[in-house]
Structures are given as C-alpha cells and as structure tokens.
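Next up, input.csv (CSV, C-alpha atoms):
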```csv
chain,number,residue,atom,x,y,z
A,1,MET,CA,89.8,37.9,209.6
A,2,THR,CA,87.8,37.6,212.8
A,3,ILE,CA,87.1,40.7,214.8
A,4,GLN,CA,86.6,40.1,218.5
A,5,ASN,CA,84.7,42.5,220.7
A,6,GLN,CA,86.7,42.7,223.9
A,7,PRO,CA,86.2,45.2,226.7
A,8,ALA,CA,88.8,47.9,227.0
A,9,VAL,CA,89.9,49.0,230.5
A,10,PHE,CA,91.5,52.5,231.0
A,11,TYR,CA,91.9,54.8,233.9
A,12,VAL,CA,91.0,58.5,233.7
A,13,ASN,CA,90.7,61.5,236.0
A,14,ALA,CA,87.5,62.8,234.5
A,15,ALA,CA,84.8,62.2,231.9
A,16,LEU,CA,83.3,64.7,229.5
A,17,PHE,CA,80.1,64.0,227.7
A,18,ASP,CA,78.5,65.5,224.6
A,19,CYS,CA,74.7,65.6,224.8
A,20,ASP,CA,72.9,65.3,221.4
A,21,GLY,CA,73.8,62.0,219.8
A,22,THR,CA,75.7,60.8,222.8
A,23,LEU,CA,73.2,60.9,225.7
A,24,VAL,CA,70.0,61.5,223.7
A,25,ASN,CA,69.3,60.5,220.2
A,26,SER,CA,67.8,63.8,219.1
A,27,THR,CA,68.6,63.5,215.4
A,28,GLY,CA,64.9,63.1,214.5
A,29,ALA,CA,63.9,66.1,216.5
A,30,ILE,CA,66.6,68.3,215.2
A,31,SER,CA,65.9,67.2,211.6
A,32,GLU,CA,62.2,68.1,212.0
A,33,PHE,CA,63.3,71.5,213.3
A,34,TRP,CA,65.4,72.2,210.3
A,35,ARG,CA,62.7,71.1,207.9
A,36,ASP,CA,60.2,73.4,209.6
A,37,PHE,CA,62.8,76.2,209.6
A,38,GLY,CA,63.2,75.8,205.8
A,39,LYS,CA,59.5,75.9,205.0
A,40,THR,CA,59.4,79.7,204.9
A,41,ARG,CA,63.0,80.2,203.8
A,42,PRO,CA,63.5,79.0,200.2
A,43,HIS,CA,67.2,79.8,200.3
A,44,VAL,CA,67.7,77.2,203.1
A,45,ASN,CA,68.3,73.6,202.2
A,46,PRO,CA,67.2,71.6,205.3
A,47,GLU,CA,68.4,68.2,204.0
A,48,GLU,CA,71.9,69.6,203.3
A,49,ILE,CA,71.9,71.1,206.8
A,50,ILE,CA,70.9,67.8,208.3
A,51,ARG,CA,73.6,66.0,206.3
A,52,THR,CA,76.5,68.3,207.1
A,53,SER,CA,75.9,70.1,210.5
A,54,HIS,CA,75.7,67.4,213.1
A,55,GLY,CA,77.6,68.5,216.2
A,56,CYS,CA,77.7,72.1,215.2
A,57,ARG,CA,76.1,75.1,217.0
A,58,THR,CA,72.7,76.0,215.6
A,59,PHE,CA,73.7,79.7,215.6
A,60,ASP,CA,76.7,78.9,213.4
A,61,VAL,CA,74.6,76.9,211.0
A,62,ILE,CA,72.0,79.7,210.7
A,63,ALA,CA,74.7,82.3,210.3
A,64,LYS,CA,75.9,80.4,207.3
A,65,TRP,CA,72.5,79.6,205.7
A,66,SER,CA,70.3,82.5,206.8
A,67,PRO,CA,72.4,85.3,208.2
A,68,GLU,CA,69.4,87.6,208.7
A,69,ASP,CA,68.1,85.1,211.3
A,70,ALA,CA,71.4,84.8,213.2
A,71,ILE,CA,70.2,86.7,216.3
A,72,GLU,CA,71.5,84.9,219.4
A,73,GLU,CA,68.4,85.5,221.6
A,74,GLN,CA,66.1,84.3,218.8
A,75,VAL,CA,68.1,81.2,218.1
A,76,THR,CA,68.2,80.3,221.8
A,77,GLN,CA,64.4,80.5,221.9
A,78,TRP,CA,64.0,78.4,218.8
A,79,GLU,CA,66.3,75.7,220.2
A,80,GLY,CA,64.6,75.8,223.6
A,81,ASP,CA,61.3,75.0,221.8
A,82,ILE,CA,62.6,71.9,220.0
A,83,PRO,CA,61.9,69.4,222.8
A,84,ASP,CA,58.4,70.8,223.2
A,85,SER,CA,57.6,70.8,219.5
A,86,PHE,CA,59.5,67.7,218.3
A,87,GLY,CA,60.4,65.8,221.5
A,88,GLN,CA,58.5,62.8,220.3
A,89,TYR,CA,61.3,62.1,217.8
A,90,ALA,CA,63.9,61.9,220.6
A,91,LYS,CA,64.9,59.0,222.8
A,92,PRO,CA,67.8,58.1,225.2
A,93,ILE,CA,70.9,56.5,223.8
A,94,PRO,CA,70.9,52.9,225.3
A,95,GLY,CA,73.2,52.7,228.3
A,96,ALA,CA,74.2,56.3,228.2
A,97,VAL,CA,72.1,57.5,231.1
A,98,GLU,CA,73.3,54.6,233.3
A,99,LEU,CA,76.9,55.5,232.4
A,100,VAL,CA,76.5,59.1,233.4
A,101,LYS,CA,74.8,58.3,236.6
A,102,SER,CA,77.6,55.8,237.5
A,103,PHE,CA,80.2,58.6,237.1
A,104,ASP,CA,78.1,60.9,239.3
A,105,LYS,CA,77.7,58.2,242.0
A,106,PHE,CA,81.4,57.5,241.9
A,107,SER,CA,82.2,61.2,242.3
A,108,LYS,CA,80.0,61.5,245.4
A,109,GLU,CA,81.4,58.4,247.0
A,110,GLU,CA,85.1,58.3,246.1
A,111,THR,CA,86.3,61.9,245.8
A,112,GLU,CA,87.1,64.5,248.5
A,113,ASN,CA,84.2,66.9,249.1
A,114,ALA,CA,82.1,64.9,246.6
A,115,LYS,CA,83.7,66.8,243.8
A,116,GLN,CA,82.2,65.9,240.4
A,117,ARG,CA,84.6,64.4,237.9
A,118,TRP,CA,82.3,64.6,234.9
A,119,ALA,CA,80.8,67.3,232.8
A,120,ILE,CA,78.6,67.9,229.8
A,121,VAL,CA,80.0,69.9,226.8
A,122,THR,CA,77.3,70.5,224.2
A,123,SER,CA,76.8,72.6,221.1
A,124,GLY,CA,73.2,73.0,222.2
A,125,THR,CA,72.0,76.1,224.1
A,126,LEU,CA,71.2,76.0,227.8
A,127,PRO,CA,67.3,75.8,227.3
A,128,LEU,CA,67.7,72.9,224.8
A,129,ALA,CA,70.2,70.9,226.8
A,130,THR,CA,68.4,71.4,230.1
A,131,LYS,CA,65.2,70.0,228.6
A,132,TRP,CA,67.0,67.0,227.2
A,133,LEU,CA,68.5,66.3,230.7
A,134,LYS,CA,65.0,66.5,232.2
A,135,LEU,CA,63.8,64.0,229.6
A,136,LEU,CA,66.8,61.7,230.5
A,137,THR,CA,66.3,62.2,234.3
A,138,ILE,CA,69.9,63.3,234.5
A,139,GLN,CA,70.7,65.9,237.1
A,140,LYS,CA,72.5,68.9,235.6
A,141,PRO,CA,76.3,68.6,236.4
A,142,ASP,CA,78.2,71.4,238.1
A,143,CYS,CA,80.2,71.8,235.0
A,144,PHE,CA,77.7,72.3,232.2
A,145,ILE,CA,79.2,73.9,229.0
A,146,THR,CA,76.6,75.0,226.5
A,147,ALA,CA,76.7,77.0,223.3
A,148,GLU,CA,76.4,80.3,225.2
A,149,LYS,CA,79.5,79.7,227.2
A,150,VAL,CA,82.0,79.5,224.3
A,151,THR,CA,82.8,82.0,221.5
A,152,LYS,CA,84.1,79.2,219.2
A,153,GLY,CA,82.0,76.1,218.8
A,154,LYS,CA,83.1,72.5,217.9
A,155,PRO,CA,85.3,71.5,216.2
A,156,HIS,CA,87.2,74.1,218.1
A,157,PRO,CA,88.4,72.6,221.4
A,158,MET,CA,87.4,75.6,223.5
A,159,GLY,CA,84.4,73.9,225.2
A,160,TYR,CA,86.2,70.7,226.2
A,161,GLN,CA,89.3,72.7,227.3
A,162,SER,CA,87.0,74.9,229.5
A,163,ALA,CA,85.5,71.8,231.1
A,164,ARG,CA,89.0,70.4,231.8
A,165,ASN,CA,90.0,73.7,233.4
A,166,THR,CA,86.8,73.9,235.5
A,167,LEU,CA,87.2,70.4,236.8
A,168,GLY,CA,90.9,71.0,237.7
A,169,TYR,CA,92.5,68.8,235.1
A,170,GLU,CA,93.9,71.4,232.7
A,171,ASP,CA,97.3,69.7,232.9
A,172,SER,CA,97.8,67.6,229.8
A,173,ASN,CA,99.3,64.8,232.0
A,174,LYS,CA,95.8,64.3,233.6
A,175,LYS,CA,93.8,61.8,231.6
A,176,VAL,CA,90.4,62.9,230.5
A,177,VAL,CA,88.0,60.9,228.3
A,178,VAL,CA,85.5,62.5,226.0
A,179,PHE,CA,82.4,60.7,224.8
A,180,GLU,CA,81.3,61.9,221.4
A,181,ASP,CA,79.4,60.9,218.3
A,182,ALA,CA,80.0,63.8,215.8
A,183,PRO,CA,83.2,64.4,213.8
A,184,ALA,CA,83.1,68.0,215.0
A,185,GLY,CA,83.1,67.0,218.6
A,186,ILE,CA,85.6,64.2,218.1
A,187,THR,CA,88.0,66.8,216.6
A,188,ALA,CA,87.3,69.2,219.5
A,189,GLY,CA,88.0,66.5,222.1
A,190,LYS,CA,91.3,65.5,220.6
A,191,GLY,CA,92.2,69.2,220.3
A,192,ALA,CA,91.7,69.5,224.1
A,193,GLY,CA,94.2,66.6,224.6
A,194,ALA,CA,91.5,64.1,225.7
A,195,MET,CA,91.1,60.4,224.9
A,196,VAL,CA,87.9,60.2,222.7
A,197,VAL,CA,85.4,57.4,222.8
A,198,GLU,CA,83.3,57.6,219.6
A,199,PHE,CA,79.7,56.4,220.0
A,200,THR,CA,78.7,56.3,216.3
A,201,LEU,CA,79.9,57.3,212.9
A,202,SER,CA,78.4,60.5,211.5
A,203,VAL,CA,78.7,63.1,208.8
A,204,LEU,CA,81.3,65.8,208.7
A,205,CYS,CA,80.7,69.3,209.9
A,206,THR,CA,81.4,71.4,206.8
A,207,LEU,CA,80.7,75.0,207.9
A,208,ALA,CA,83.9,76.3,206.4
```

Please rewrite the model in this file as structure tokens.
Amino acid sequence: MTIQNQPAVFYVNAALFDCDGTLVNSTGAISEFWRDFGKTRPHVNPEEIIRTSHGCRTFDVIAKWSPEDAIEEQVTQWEGDIPDSFGQYAKPIPGAVELVKSFDKFSKEETENAKQRWAIVTSGTLPLATKWLKLLTIQKPDCFITAEKVTKGKPHPMGYQSARNTLGYEDSNKKVVVFEDAPAGITAGKGAGAMVVEFTLSVLCTLA
C-alpha cells in the first residue's frame, strides 16, 4: 500500500497551541530538570517521570512523586529557572514559529478590531512559558492559559475550554483547531470539542 502525503485544507474560527513539544522542543531541558530534581530525592524516579509525564503540569507530577515538595510558589520558581539552567537543550519546532506568526498576522489584518484568533494553552507555568516565547521570538498572545490559570490540568479540557470562551468561540458549532503533541493535551483538546492536529507521537500521561 502506498501512503501519499497530501495537504489537508480546513477552515476554522480560531487556533489554540500547546507550547512544550509543539512550539518548542523542550524535552531535553525538561528531562535534565527531572534528573537534577531526583539527585537529592531517592524516592523519585526521574526516568519514569520523563517516560510518563509529558504534557502534564509539573505541580501534578511532583504532587504524585514527592508530595512534600508540592508547594505552588516553589514549583513555579523551579520551572521558571529551567530555561536559564537547561535552555541549551531546547530548540524551536521547525515551522511552528512561522505558523503562529502567520495566525497573528492574519488576526491583525483580517478581523474586526484586530482581535486575535489564536491562543496558547500550556501545562507550563507563566515564568517558564514566557521564557520559551522569548526564546522563540513569539509575542505573548492576549489569551495565554498557563498552569496557574486552571485548577485541573491536561488531560482535563479546562484550559482549552477556557481559551475558547475567552476568544468568543465557546459555541460548539464554532470550529477551533488545537495543535498538540502529548496524549494528555490531545485528550484535553478533544474534550473541549476542538479539532486536534497531532504534531508527534508521545507517551501516555499516567498520573492516575
């Protein structure tokens, strides 16, 4: 059987992007963070965390593996330090930056009041995600959903549903596309009633 790669054309009202693994390949940086985290915590298995937690909030992972460290302010600080300490292991996803900037340009030129029709929904904290965007030279969107803004992380659809509502496309009849790479995020996007474009295959989030 011959598989042909043909472009797919579809029309949507808005686009929602994950960050880690979708806009920036941060796997190496995040992996080094977990290995460093586990050096002083013998009860933590960094390689198992790396294998199973992609797309999940760092706070949720730490709450499972090292509950005594699950302090929100502390976790936020740790995440914010990742680009500074391990940023050399991160790099942009090819084509992703151009795609995001094209959505931003379209919003400014083709919509009333230059209303943005795209957003970022990430399991990362605000300090972490902001530094990744700086690395990517992407301007922070008006709708920027980070870990602090939800009480239930991916695979729960809360983040993506919040973005839909903020952009004014909460109606399920409005077509919204989600760009994701992690099973947890893919599940969240589908749960929010969006079309999901999967960037890569990854491991399952098994926090339960």

**Proximity to Leu16 of chain A - best of A:Ala147, A:Gln139, A:Thr166, A:Ala119, all atoms listed in the file** = A:Ala119

**Pairwise distance for atom CA of Phe106 of chain A and atom CA of Gly159 of chain A, rounded to one decimal in Å** =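 Atom-to-atom, atom CA of Phe106 of chain A and atom CA of Gly159 of chain A are spaced 23.6 Å apart.
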
**Message:** Just checking: using all atoms listed in the file, which residue out of A:Ile120, A:Ile62, A:Ala194, A:Ile30 ends up closest to Asp104 of chain A?
**Reply:** A:Ile120

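Each of A:Arg51, A:Lys149, A:His156, A:Arg117 was compared to Lys175 of chain A using only C-alpha atoms, and A:Arg117 turns out to be the nearest.
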
**Request:** Have a look at A:Val24, A:Val197, A:Leu167, A:Leu136 and name the one nearest to Ser107 of chain A; count all atoms listed in the file.
**Result:**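 Nearest to Ser107 of chain A: A:Leu167.
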
**Which residue of A:Thr27, A:Gln74, A:Thr40, A:Ser162 approaches Gln88 of chain A most closely, using all atoms listed in the file** =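 Between A:Thr27, A:Gln74, A:Thr40, A:Ser162, the residue approaching Gln88 of chain A most closely is A:Thr27.
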
**Atomic separation - atom CA of Ala14 of chain A relative to atom CA of Val176 of chain A, Å** =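 Calculated distance between atom CA of Val176 of chain A and atom CA of Ala14 of chain A is 4.9 Å.
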
**Request:** May I ask which of the residues A:Leu99, A:Val44, A:Ile82, A:Ala188 is the closest one to Thr125 of chain A, counting only C-alpha atoms?
**Result:** A:Ile82

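Surrounding residues of (73.9, 58.0, 222.6) at most 9 Å away are Cys19, Asp20, Gly21, Thr22, Leu23, Val24, Asn25, Pro92, Ile93, Pro94, Gly95, Ala96, Val97, Glu180, Asp181, Phe199 and Thr200 of chain A (based on all atoms listed in the file).
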
**Request:** Please tell me which residues are no farther than 10 Å from (63.7, 69.8, 205.2) in the file, counting all atoms listed in the file, and write them as an NGL selection string.
**Result:** :A and (31-39 or 44-50)

**Distance query Ala70 of chain A at most 10 Å, only C-alpha atoms, self and fewer than 4 positions along chain excluded, as a list in words** =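 Once the nearby chain positions are removed, what remains is Thr58, Phe59, Asp60, Val61, Ile62, Ala63, Lys64, Trp65, Ser66, Gln74 and Val75 of chain A.
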
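Counting from atom CA of Phe86 of chain A, the distance to atom CA of Asp142 of chain A is 27.5 Å.
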
Please provide as a compact mmCIF listing (two decimals) with C-alpha atoms, in the frame of the given file all residues within 10 Å of Asp18 of chain A, with the sequence filter that same-chain residues fewer than 6 positions apart are discarded (counting only C-alpha atoms).
```txt
# COMPACT_ATOMS: atom_id res chain seq x y z
CA VAL A 24 70.00 61.50 223.70
CA GLY A 55 77.60 68.50 216.20
CA ALA A 119 80.80 67.30 232.80
CA ILE A 120 78.60 67.90 229.80
CA VAL A 121 80.00 69.90 226.80
CA THR A 122 77.30 70.50 224.20
CA SER A 123 76.80 72.60 221.10
CA GLY A 124 73.20 73.00 222.20
CA ILE A 145 79.20 73.90 229.00
CA THR A 146 76.60 75.00 226.50
CA TYR A 160 86.20 70.70 226.20
CA VAL A 178 85.50 62.50 226.00
CA PHE A 179 82.40 60.70 224.80
CA GLU A 180 81.30 61.90 221.40
CA ASP A 181 79.40 60.90 218.30
CA ALA A 182 80.00 63.80 215.80
CA GLY A 185 83.10 67.00 218.60
CA ILE A 186 85.60 64.20 218.10
CA GLY A 189 88.00 66.50 222.10
```

Please complete segment 62-74 of chain A with N, CA and C atoms and give it back as a PDB file, in the coordinates of the input.
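The result, written out as rebuild.pdb:
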```
ATOM      1  N   ILE A  62      72.890  78.623 211.227  1.00  0.00           N
ATOM      2  CA  ILE A  62      72.000  79.700 210.700  1.00  0.00           C
ATOM      3  C   ILE A  62      72.751  80.845 210.192  1.00  0.00           C
ATOM      4  N   ALA A  63      73.867  81.189 210.829  1.00  0.00           N
ATOM      5  CA  ALA A  63      74.700  82.300 210.300  1.00  0.00           C
ATOM      6  C   ALA A  63      75.200  82.033 208.935  1.00  0.00           C
ATOM      7  N   LYS A  64      75.418  80.767 208.622  1.00  0.00           N
ATOM      8  CA  LYS A  64      75.900  80.400 207.300  1.00  0.00           C
ATOM      9  C   LYS A  64      74.757  80.416 206.260  1.00  0.00           C
ATOM     10  N   TRP A  65      73.631  79.826 206.623  1.00  0.00           N
ATOM     11  CA  TRP A  65      72.500  79.600 205.700  1.00  0.00           C
ATOM     12  C   TRP A  65      71.536  80.774 205.619  1.00  0.00           C
ATOM     13  N   SER A  66      71.320  81.430 206.737  1.00  0.00           N
ATOM     14  CA  SER A  66      70.300  82.500 206.800  1.00  0.00           C
ATOM     15  C   SER A  66      70.774  83.585 207.747  1.00  0.00           C
ATOM     16  N   PRO A  67      71.793  84.352 207.347  1.00  0.00           N
ATOM     17  CA  PRO A  67      72.400  85.300 208.200  1.00  0.00           C
ATOM     18  C   PRO A  67      71.447  86.312 208.876  1.00  0.00           C
ATOM     19  N   GLU A  68      70.377  86.632 208.176  1.00  0.00           N
ATOM     20  CA  GLU A  68      69.400  87.600 208.700  1.00  0.00           C
ATOM     21  C   GLU A  68      68.708  87.027 209.961  1.00  0.00           C
ATOM     22  N   ASP A  69      68.746  85.718 210.138  1.00  0.00           N
ATOM     23  CA  ASP A  69      68.100  85.100 211.300  1.00  0.00           C
ATOM     24  C   ASP A  69      69.107  84.818 212.433  1.00  0.00           C
ATOM     25  N   ALA A  70      70.360  85.143 212.220  1.00  0.00           N
ATOM     26  CA  ALA A  70      71.400  84.800 213.200  1.00  0.00           C
ATOM     27  C   ALA A  70      71.404  85.848 214.340  1.00  0.00           C
ATOM     28  N   ILE A  71      70.355  85.816 215.121  1.00  0.00           N
ATOM     29  CA  ILE A  71      70.200  86.700 216.300  1.00  0.00           C
ATOM     30  C   ILE A  71      70.239  85.733 217.512  1.00  0.00           C
ATOM     31  N   GLU A  72      71.204  85.911 218.380  1.00  0.00           N
ATOM     32  CA  GLU A  72      71.500  84.900 219.400  1.00  0.00           C
ATOM     33  C   GLU A  72      70.240  84.633 220.287  1.00  0.00           C
ATOM     34  N   GLU A  73      69.543  85.678 220.735  1.00  0.00           N
ATOM     35  CA  GLU A  73      68.400  85.500 221.600  1.00  0.00           C
ATOM     36  C   GLU A  73      67.287  84.684 220.871  1.00  0.00           C
ATOM     37  N   GLN A  74      67.129  84.979 219.597  1.00  0.00           N
ATOM     38  CA  GLN A  74      66.100  84.300 218.800  1.00  0.00           C
ATOM     39  C   GLN A  74      66.445  82.840 218.600  1.00  0.00           C
TER      40      GLN A  74
END
```
